[in-house]
Amino acid sequence: MLRKSITHRTGWQNLWLYKTITQKSQRRLLSLSCIRHEKKKDTSCPLPKSYDPSFVESGWYSWWEQSGFFWPEYSSRKKLKNDKEKPFIMCLPPPNVTGTLHLGHALMVAIQDSLIRWHRMHGRETLWIPGVDHAGIATQIVVEKKLWKEQRILRHQMGREKFVEEVWRWREECGHEIDEQFKRLGASLDWSRPNFTMSEEFSRAVQEAFITLHEDGTIYRGNRLVNWSCSLRSTISDIEVEKQSIEGATAFQVPGYQDPIQFGYMYYFSYPVVGSGSEIPVATTRIETMLGDVAIAVHPEDTRYKHLIGQEVIHPFVDRLLPIITSETVDMEFGTGAVKITPAHDFNDYDVGKRHSLDLVNILTEMGLPRFHAREKIIEALKLKGLYQGKKEHAMVVPVYSRSKDIVEPLLKEQWFVRCDDLAKEAIAAVDNGDLVIQPMMHQKTWNHWLTNIRDWCISRQLWWGHRIPAYHVKLKHGHPMNDEVDKPDLWVSGHSYEDAIKKAAEKLKVDRKFLELTQDVDVLDTWFSSALFPFAVHGWPSQTEDLNRFYPSTLLETGHDILFFWVARMVMMGQKLTGVLPFKEVYLHSMVRDAHGRKMSKSLGNVIDPVDVIQGASLESLHARLDEGLLDHVERERSRMGQAADYPKGIPECGTDALRFALCTYRAQVDDINLDVNKVQMYRFFCNKIWNASLFTINALDEGYKPLLLSEILPDCSLMDRWILSRLSSTVRVVNDGFHGYDFPVVTSAMYKFWVHNLCDVYLESIKSIVRSEEREALVSKNVLHICVEAGLRLLSPFMPFLSEELFQRLSRRPQVDEPSICLAPYPTTEELPTLDVQLEDKVRLCLDIVSRIRSIQSEFGISKATGYIMCNNVELRDVIIDMCPTMRTLSKCKILTVCEQEPTGCLATTISTDCALFVEAKDFNVSEILTKLRRKSSKAEAELSKLKQQMSIENYEQKVPIQIREKHTERMQVLKTDVERLQTALLALENVT
């Protein structure tokens, strides 16, 4: 009753109350026997004749969750074979609270949930911790847009306190949709441990981290260069800056400007050299920053300017002399070879300025002329002085703020920074000495390079939503006693509260607190700062909670490679600094999910797909309606509608959760970006239907009251095909478990698909259909083998297809060694429970299946319904196997006659199977001359297309001129055509020999 009374309450405050209670001993007093009696889905009703995702996926998740199957406490109370092994712990990378999940999140869930379920089924205590990030900038923008759209009100009109209340209200109304999406995806998270990075408990951890790092000097306040968004009026993170490359003149619609702003030009102007009557020409793509120029730099080896090095130029608009300095970083081929140095507005110039002790001149203020309007005024003023020399189109990189499309401005500003040098060295050492493993290993080189060249981290944000910085500026009131210590300027102290801070300030200054006046910094902390604490803050740090001692550090951190530095590296640095240990032992990085055209998922392109739309299907009209309900502007909305109409003219077909998860894991997610065609996910729904039909056949084939026999009881009586399918199952189990250990999900999914489709359904099921209805011992044995394969096959699939496997598992008779209430707790198949792999047997059966495949191909190619075939084999041992397999091969190939012959028959189409084996098909079964004509026509057409494609791919500079997506299609088509040509020529040769 404790759990029910809490979970039925509403309000975000109650969620944190619930978390506090569930982390105490009361939660562990809940009786497991009571939990086992939670109502589960009724499985007494007949199964549909075909796979229906909506039927299969209903009911199971709530039963799993309510039964506590995802709690580590559930497995820890059982007597498991791996009870001495340490728990397997992962933290879910917390998605932003601002909206819904996309297919990138679905990939993350598919990988992480398959891993957690695999470890859970292996008897290991597991914990997968959920959480949501408050997403400072993103959330503030969403709520501001909502307020303007609905009430035509700005946040500054509301005031900070009321605006923050509005954000919390929005969080309560809309911020829990993501949790439901995770459940739709089958994510087996421990929802009794919810986390939100703005909760009271998490805020305490954030304050403690800041205070600790500030007091030991790791966090400091400094006047340094930051990324600045003029429209947001805040610093922003490096990860939110999109560096867009343009080849020449390009117009950008910049927030705050009515007309588009032109970029992609190189501007040329001159500086007069003091006392010489000459000028030095400079080139820049950002002429509007010349008001902040403090030097001119040239390469020390540039002969054009050697005579000017050490001299000074006159700034045409301000009373300032600029030295001409040298820097080896100057590209002599760039522009004129002389560049302006503006340390307060360019990151590279900032470094040059530090090396040469140059002044930092900030030209941007809250008031004044907008920067791109100022550009035109500066050009006009330079023209009047005769210093402007024109402009030319030029390639450049434009830094764009990804959320507002503002042009990011490097700006000198006093902010809070984390000193990263020492932290980075420890993070590098952790990987170098093997304490932290990064997979795939190719990312380790990038890790070392980035951390070696790390800059101090700006953690200030000029927002209202977020963790307000717990730092207070100290001022002395009039009447305080004068001394040197008191007069120390610009003193900042940090504390959990005003009282805590003023007490520290009084002790530090050795004055009575009545002489002190403290003002808290109005800024908030970078969201990445609080996220960097996630692995230990979720367990109640800085308090030494039971969960912190038991579940920290985590075992694995799985996330996208795009946030390796912005999140992973910072978690490592914060974990080592604040807890003394690494926050996790291993990092596995997956790639970005792009659309079928290779484009990044973007709302403005209309290619961001909600996983739920793939799961349950969506019409084009409903996709359009979703856009209308959102906060996109008119231009973005229309562009999105066009993109959706082009990609999904008939909408998105219903695929189901299991098909989506399985499809995502078939991609090489650890190396390449994933170009996901949503329509191709439907192919794996057909796979689900194949599993469904095979399982339904098995259930119907087993008599009522059927009780599985032990493998040892049936093994002596197994037929050749029985032994073969058990060997294939054993091989698949080994490949799958090895693949999980190595995070090789494409290998794992491929092995499962091959076993179910090509081995079990296409071969074994077809071979035993005619005998399973009999009462013979042979039928009983095959039924038991079939049951073993289907039941073990479902357990194999369970980490990827939790719903389908559970639905079918619940309807199968249980084997004695599998007595768990749910498949998600059942033991994962291992080779120990199956017969040893029989390689020789598999080789022999493989040859027989090659014969079947060849017969099918001939029948399909030549339009024969039932052929007459003969097999000649020189190997005595293999010949016996073929004789034994002939009835099965005849069934699988749908031949009229298939027998073994002693001598080569006449009037037959001959084809070689192996050095010892040949296949002959009677030519009288088909019209040779008619088929020859048809094949020659097909061959000519295929050769012509192949020749044309080769010409297209042999043009000059093909790699540079043709987009990669088209080149990939060309390569794929080339391979198909080559295969077709070879196949057709082989068939022609064979037929011509017959005639």
# chains A, B, ... in the order shown; residues from 1 in each chain; ligands from 1
>>> residues_around(residues="segment 791-793 of chain A", least_positions_apart="4", cutoff="12 Å", atoms="only C-alpha atoms", output="count of residues only")
59
>>> residues_around(residues="His443 of chain A", least_positions_apart="4", cutoff="9 Å", atoms="only C-alpha atoms", output="list of chain:residue names")
A:Ile438, A:Gln439, A:Trp447, A:Asn448, A:His561, A:Leu564, A:Leu589
>>> closest_atom_pairs(of="segment 738-788 of chain A", to="segment 893-908 of chain A", cutoff="12 Å", atoms="only C-alpha atoms", output="CSV")
residue,atom,partner,partner_atom,distance
A:Asp762,CA,A:Ser893,CA,10.8
A:Val763,CA,A:Ser893,CA,10.2
A:Glu766,CA,A:Ser893,CA,10.2
A:Ser767,CA,A:Ser893,CA,10.7
>>> closest_atom_pairs(of="segment 582-642 of chain A", to="segment 949-972 of chain A", cutoff="12 Å", atoms="only C-alpha atoms", output="Markdown table")
| residue | atom | partner | partner_atom | distance |
| --- | --- | --- | --- | --- |
| A:Asp595 | CA | A:Gln965 | CA | 11.4 |
| A:Ala596 | CA | A:Gln965 | CA | 9.3 |
| A:His597 | CA | A:Gln965 | CA | 6.8 |
| A:Gly598 | CA | A:Gln965 | CA | 7.1 |
| A:Arg599 | CA | A:Gln965 | CA | 10.1 |
>>> residues_around(residues="Glu366 of chain A", least_positions_apart="3", cutoff="12 Å", atoms="only C-alpha atoms", output="ChimeraX atom specification")
/A:229-234,362-363,369-371
>>> atom_distance(atom1="atom CA of Gly159 of chain A", atom2="atom CA of Trp465 of chain A")
12.1 Å
>>> atom_distance(atom1="atom CA of Tyr870 of chain A", atom2="atom CA of Ile855 of chain A")
10.4 Å
>>> select_by_dssp(residues="segment 241-439 of chain A", states="strand (DSSP E)", output="JSON, numbers by chain")
{"A": [241, 242, 243, 244, 245, 246, 250, 251, 252, 261, 262, 263, 265, 266, 267, 268, 269, 270, 271, 272, 279, 280, 281, 282, 283, 284, 295, 296, 297, 298, 312, 313, 314, 321, 322, 323, 324, 325, 326, 338, 339, 340, 341, 388, 389, 390, 391, 392, 393, 396, 397, 398, 399, 400, 401, 409, 410, 411, 412, 413, 414, 415, 416, 417, 418, 437, 438, 439]}
>>> write_last_selection(atoms="C-alpha atoms", output="compact mmCIF listing (two decimals), in the first residue's frame")
# COMPACT_ATOMS: atom_id res chain seq x y z
CA VAL A 241 27.48 26.18 -31.74
CA GLU A 242 26.99 24.76 -35.23
CA LYS A 243 29.91 25.65 -37.47
CA GLN A 244 28.29 25.98 -40.89
CA SER A 245 30.71 26.02 -43.81
CA ILE A 246 29.73 28.17 -46.79
CA THR A 250 25.16 33.30 -48.37
CA ALA A 251 22.25 35.06 -46.67
CA PHE A 252 21.25 34.15 -43.09
CA ILE A 261 22.39 39.27 -43.40
CA GLN A 262 25.05 38.43 -45.97
CA PHE A 263 28.06 36.27 -45.10
CA TYR A 265 32.79 37.80 -48.11
CA MET A 266 36.39 38.81 -47.54
CA TYR A 267 36.67 42.55 -46.80
CA TYR A 268 39.84 44.47 -47.62
CA PHE A 269 40.98 47.73 -46.04
CA SER A 270 44.23 49.42 -45.01
CA TYR A 271 45.82 50.76 -41.87
CA PRO A 272 48.14 53.81 -42.19
CA GLU A 279 49.67 51.60 -45.56
CA ILE A 280 49.43 47.93 -44.71
CA PRO A 281 46.44 46.10 -46.28
CA VAL A 282 44.48 43.64 -44.15
CA ALA A 283 41.74 41.16 -45.01
CA THR A 284 38.94 39.96 -42.75
CA ALA A 295 47.49 44.78 -33.47
CA ILE A 296 48.33 43.65 -37.00
CA ALA A 297 49.98 40.22 -37.36
CA VAL A 298 52.11 38.91 -40.22
CA GLU A 312 52.84 50.80 -35.55
CA VAL A 313 49.69 51.69 -37.47
CA ILE A 314 47.04 54.28 -36.65
CA LEU A 321 48.23 52.78 -32.06
CA LEU A 322 48.45 49.15 -33.17
CA PRO A 323 51.82 47.32 -33.25
CA ILE A 324 52.74 45.15 -36.23
CA ILE A 325 53.69 41.80 -34.70
CA THR A 326 54.65 38.36 -35.99
CA ALA A 338 48.33 40.55 -42.89
CA VAL A 339 45.54 39.98 -40.37
CA LYS A 340 43.89 42.19 -37.79
CA ILE A 341 44.11 41.01 -34.16
CA TYR A 388 38.34 50.65 -47.94
CA GLN A 389 39.51 48.43 -50.82
CA GLY A 390 36.40 46.34 -51.54
CA LYS A 391 35.19 42.80 -50.92
CA LYS A 392 35.28 39.41 -52.64
CA GLU A 393 33.31 36.23 -52.14
CA MET A 396 34.14 30.82 -44.39
CA VAL A 397 32.71 29.10 -41.35
CA VAL A 398 29.71 30.77 -39.74
CA PRO A 399 29.09 29.93 -36.05
CA VAL A 400 25.32 29.52 -35.61
CA TYR A 401 23.49 29.00 -32.33
CA GLU A 409 29.73 36.22 -31.16
CA PRO A 410 33.00 35.65 -29.26
CA LEU A 411 32.78 38.08 -26.37
CA LEU A 412 35.03 39.11 -23.49
CA LYS A 413 32.99 38.76 -20.31
CA GLU A 414 33.52 38.25 -16.59
CA GLN A 415 32.17 34.78 -15.82
CA TRP A 416 32.71 31.71 -13.67
CA PHE A 417 35.16 29.15 -15.04
CA VAL A 418 36.35 25.67 -14.10
CA VAL A 437 37.98 1.85 -21.27
CA ILE A 438 36.46 3.74 -24.21
CA GLN A 439 34.78 1.70 -26.93
>>> select_by_dssp(residues="segment 711-904 of chain A", states="helix (DSSP H, G or I)", output="count of residues only")
127
>>> closest_residue(among="A:Cys91, A:Leu185, A:Val132, A:Leu291", to="Ala344 of chain A", atoms="only C-alpha atoms")
A:Leu291
>>> atom_distance(atom1="atom CA of Thr666 of chain A", atom2="atom CA of Arg120 of chain A")
21.8 Å
>>> closest_residue(among="A:Tyr684, A:Leu213, A:Ala374, A:Ala646", to="Phe662 of chain A", atoms="only C-alpha atoms")
A:Tyr684
>>> residues_around(residues="Gln616 of chain A", least_positions_apart="3", cutoff="7 Å", atoms="only C-alpha atoms", output="list of chain:residue names")
A:Val612, A:Asp613, A:Glu654, A:Cys655, A:Gly656
>>> write_last_selection(atoms="N, CA and C atoms", output="short mmCIF file (atom, residue, chain, number, x, y, z; two decimals), in the first residue's frame")
data_model
loop_
_atom_site.label_atom_id
_atom_site.label_comp_id
_atom_site.auth_asym_id
_atom_site.auth_seq_id
_atom_site.Cartn_x
_atom_site.Cartn_y
_atom_site.Cartn_z
N VAL A 612 7.27 6.84 -31.31
CA VAL A 612 5.90 6.33 -31.17
C VAL A 612 5.19 6.30 -32.51
N ASP A 613 5.54 7.25 -33.41
CA ASP A 613 4.94 7.25 -34.74
C ASP A 613 5.36 6.02 -35.54
N GLU A 654 2.72 1.13 -39.38
CA GLU A 654 2.83 0.61 -38.02
C GLU A 654 3.86 -0.52 -38.02
N CYS A 655 4.90 -0.36 -37.21
CA CYS A 655 5.98 -1.35 -37.16
C CYS A 655 6.07 -2.06 -35.82
N GLY A 656 5.68 -1.40 -34.74
CA GLY A 656 5.79 -2.00 -33.42
C GLY A 656 7.13 -1.71 -32.75
#
